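Asker: I have a structure I would like to understand better, so I am pasting it below and will then ask my questions one at a time.
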Amino acid sequence: MDNPASARILSSMKHDSDVVIVGGGLNGPALALALAQGGLSVTVVDAQPKGARGNEGFDGRGYALALASQKLLAALNVWPRVADNAQPILEIKVTDGDAERGPSPFVLEFDHAEIEEGPMGFMVEDRFLSRALADALDAESAITQLHGETVVAQEVTSAGVTVTLGSGKTLTAKLIAGCDGRKSGVAERAKIKRSGWDYGQTALVCAVGHEKPHNGIAHQFFMPGGPLAILPLPDNKCSIVWSEERARAEQIAALDDDAYMEALRPVFGDFLGDIHLTGARFTYPLNLTLANEFVAPRIALVGDAAHGVHPIAGQGLNLGMRDVGALAEVLINATRRGEEIGAIDVLERYQTWRRWDATTLALGMDGVNKIFSNDNPLLRGVRDLGLGLVNALPGARRRFIREAAGLNGELPKLMKGQPL
C-alpha cells in the first residue's frame with residue numbers, strides 16, 4: 001500500500017462507491033453525511049424499510065446529546081432540522097440513595113453557567129433526530145440508500161471490498177464502515193473478537209409527564225439496584241432510564257401501566273409533582289462489549305459496533321458521534337493526500353485516535369456503576385464524601401462539566417463545529 005505505483009493502480013479501479021456504511025440508525029447516517037460533504041461517495045445499507053425511522057408519534061425515547069455532538073450535527077446541517085424540538089440541559093444533579101431513605105444530602109451539581117460555551121447538551125427525541133438525519137440523507141446526491149437490505153457476506157481484497165446483500169445484489173467499495181450495533185455482523189465477518197461482560201441489569205425506559213417544570217435539569221440518582229436517569233424533554237415531560245437488577249426489572253416490565261407507575265413513583269420522588277406515563281415502554285438488557293480492534297484491512301467500526309457501554313450519563317451516542325467525526329476526518333484528509341482510504345495504516349490513525357478514549361470512558365462508567373450499584377454502607381459513605389468533595393472544588397467541578405459537554409480531549413473538527 002505504501003508503493004506509489006500500487007496506490008495509483010488502486011485509485012484507478014472503479015467502485016460502486018468509496019465507502020459502504022452498514023447500518024442506518026444514527027451513527028451510520030451521520031457518518032454518511034460527513035463523508036459526502038468531504039467529497040466521498042457513500043452507500044448506506046439499512047435493514048429497515050424506508051420511512052420506518054422517525055415515526056411521527058411520541059414514544060418517549062430520547063437522546064442526551066453533549067454540546068460537542070450538537071456542534072457536529074450543526075456542522076452537518078442537521079441541527080436546524082431538530083433545534084425547535086430540542087430541550088437544553090442547563091443543570092445536572094447527581095445524588096446517591098434509595099427509595100426508602102431518599103437521596104443523600106451530598107449532591108453533585110453541574111451548572112452550564114460555569115462554562116462559556118452554552119448548555120452542556122440537549123435532549124432530543126428519537127423521532128425528531130432520526131427524521132432529521134433521514135431528510136438530510138435524501139437531500140445529498142453523493143449518498144445512495146438501500147433500504148430493507150442486509151449484508152450477508154463481505155470479501156476484502158487488495159483492490160477493494162465486495163459486499164453481498166440478502167437480495168443477491170453485490171456492491172464494491174474501498175472501505176466498509178460497520179455502524180451495525182453491538183452484535184455487529186461487519187465485525188464478526190472480519191473475525192474481530194470482542195471483550196466484555198454482562199451487568200445483570202436491565203434498563204427500563206419510558207417517558208413521564210409531570211405537574212411542575214423541570215427547568216432543564218437532568219438528574220442521575222444512584223440506587224442499589226442501578227442508576228435512575230431523569231432527563232428533561234420539552235413540554236413538561238422527562239425521559240426515564242431506570243436500571244435495575246434483571247429479575248426485578250423483569251417483574252416491573254411485566255406489570256400493566258398503572259402498576260408500573262406505582263413501582264416508579266417511590267423511586268422517582270415527588271419533586272416534579274404527580275407523574276403519569278406518556279408514550280411507550282421499553283427494556284434493554286445491559287452489558288459492556290468492546291471490540292478488540294476498531295479496524296481491519298478495509299474495515300472500520302463505529303459506535304456500538306466498536307463499544308457498547310452502560311447508559312450512565314447517556315454517553316453511548318456521544319461516543320459514536322466522536323467516532324463519526326474522527327473517522328470522517330481521517331478518511332477525508334487521506335483522500336486529499338492521495339492515500340488509499342482502505343489501507344490499514346490509514347485506518348489505524350482512526351483507531352489510535354478513538355480506542356483509548358472510548359475504552360477509558362467505557363471502563364470508567366463500568367467502575368462508577370459497580371461502586372454505586374450496591375448498598376454497602378462503607379462504600380456509600382466513601383462515594384457520598386466523594387460527591388460532596390467534587391462539588392466543593394470549582395476546578396474539579398468545571399472539568400466534569402466540560403467532560404459532560406464533550407469538550408475535553410482531542411476533538412475532531414466537526415465536534416468543534418468546523419467543516420472538514
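Convention: chains lettered A, B, ... in C-alpha cells order; per-chain residue numbering from 1; ligands numbered from 1 as shown.
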Please return as a ChimeraX atom specification: the residues of segment 120-171 of chain A that backbone DSSP assigns to helix (DSSP H, G or I).
Answerer: /A:126-138
Asker: Within 12 Å of Glu250 of chain A, counting only C-alpha atoms, which residues show up once you throw out same-chain ones fewer than 5 positions away? Write them as a ChimeraX atom specification, please.
Answerer: /A:200-204,243-245,255,260,282-285
Asker: Find the residue from A:Met365, A:Ala253, A:Leu264, A:Leu319 that sits nearest to Tyr199 of chain A; use only C-alpha atoms when measuring.
Answerer: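 Under the stated criterion, the closest residue is A:Met365.
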Asker: Which residues come within 8 Å of Leu33 of chain A, counting only C-alpha atoms, excluding same-chain residues fewer than 3 positions away, as JSON, numbers by chain?
Answerer: {"A": [29, 30, 36, 37, 76, 136, 137, 140, 143]}
Asker: Write a file of the selected residues as a CSV table (one decimal), in the first residue's frame, keeping all heavy atoms.
Answerer:
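The resulting again-v7.csv:
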```
chain,number,residue,atom,x,y,z
A,29,PRO,N,-26.0,7.2,9.3
A,29,PRO,CA,-26.4,8.4,8.5
A,29,PRO,C,-25.5,9.6,8.8
A,29,PRO,O,-25.1,10.4,7.9
A,29,PRO,CB,-27.8,8.7,8.9
A,29,PRO,CG,-28.3,7.3,9.3
A,29,PRO,CD,-27.2,6.6,9.9
A,30,ALA,N,-25.1,9.8,10.1
A,30,ALA,CA,-24.2,11.0,10.4
A,30,ALA,C,-22.9,10.8,9.7
A,30,ALA,O,-22.3,11.8,9.1
A,30,ALA,CB,-24.0,11.1,11.9
A,36,ALA,N,-19.8,12.5,2.7
A,36,ALA,CA,-20.3,13.1,1.5
A,36,ALA,C,-20.0,14.6,1.4
A,36,ALA,O,-19.6,15.1,0.3
A,36,ALA,CB,-21.8,12.9,1.4
A,37,GLN,N,-20.1,15.3,2.5
A,37,GLN,CA,-19.7,16.7,2.5
A,37,GLN,C,-18.2,16.9,2.3
A,37,GLN,O,-17.8,18.0,1.9
A,37,GLN,CB,-20.2,17.3,3.8
A,37,GLN,CG,-21.7,17.4,3.8
A,37,GLN,CD,-22.3,18.1,5.1
A,37,GLN,OE1,-21.5,18.8,5.8
A,37,GLN,NE2,-23.6,17.9,5.3
A,76,LEU,N,-23.0,19.5,10.1
A,76,LEU,CA,-23.5,18.6,9.1
A,76,LEU,C,-24.9,19.2,8.5
A,76,LEU,O,-25.5,18.5,7.7
A,76,LEU,CB,-23.7,17.2,9.6
A,76,LEU,CG,-22.4,16.5,10.0
A,76,LEU,CD1,-22.8,15.0,10.5
A,76,LEU,CD2,-21.4,16.4,8.8
A,136,ALA,N,-31.9,14.7,5.7
A,136,ALA,CA,-30.6,15.1,5.2
A,136,ALA,C,-30.0,14.2,4.2
A,136,ALA,O,-29.4,14.6,3.2
A,136,ALA,CB,-29.7,15.4,6.4
A,137,LEU,N,-30.1,12.9,4.5
A,137,LEU,CA,-29.6,11.9,3.5
A,137,LEU,C,-30.3,12.0,2.2
A,137,LEU,O,-29.7,11.9,1.1
A,137,LEU,CB,-29.8,10.5,4.1
A,137,LEU,CG,-29.0,10.0,5.2
A,137,LEU,CD1,-29.3,8.5,5.6
A,137,LEU,CD2,-27.5,10.2,4.9
A,140,GLU,N,-28.9,14.6,-0.1
A,140,GLU,CA,-27.5,14.6,-0.5
A,140,GLU,C,-27.3,13.6,-1.7
A,140,GLU,O,-27.5,12.4,-1.6
A,140,GLU,CB,-26.6,14.1,0.7
A,140,GLU,CG,-25.2,13.9,0.4
A,140,GLU,CD,-24.5,15.2,-0.1
A,140,GLU,OE1,-24.4,16.2,0.6
A,140,GLU,OE2,-24.2,15.2,-1.3
A,143,ILE,N,-25.0,10.3,-1.8
A,143,ILE,CA,-25.3,9.2,-0.9
A,143,ILE,C,-26.4,8.4,-1.6
A,143,ILE,O,-27.5,8.9,-1.9
A,143,ILE,CB,-25.8,9.7,0.5
A,143,ILE,CG1,-24.7,10.5,1.2
A,143,ILE,CG2,-26.3,8.5,1.3
A,143,ILE,CD1,-25.2,11.1,2.5
```
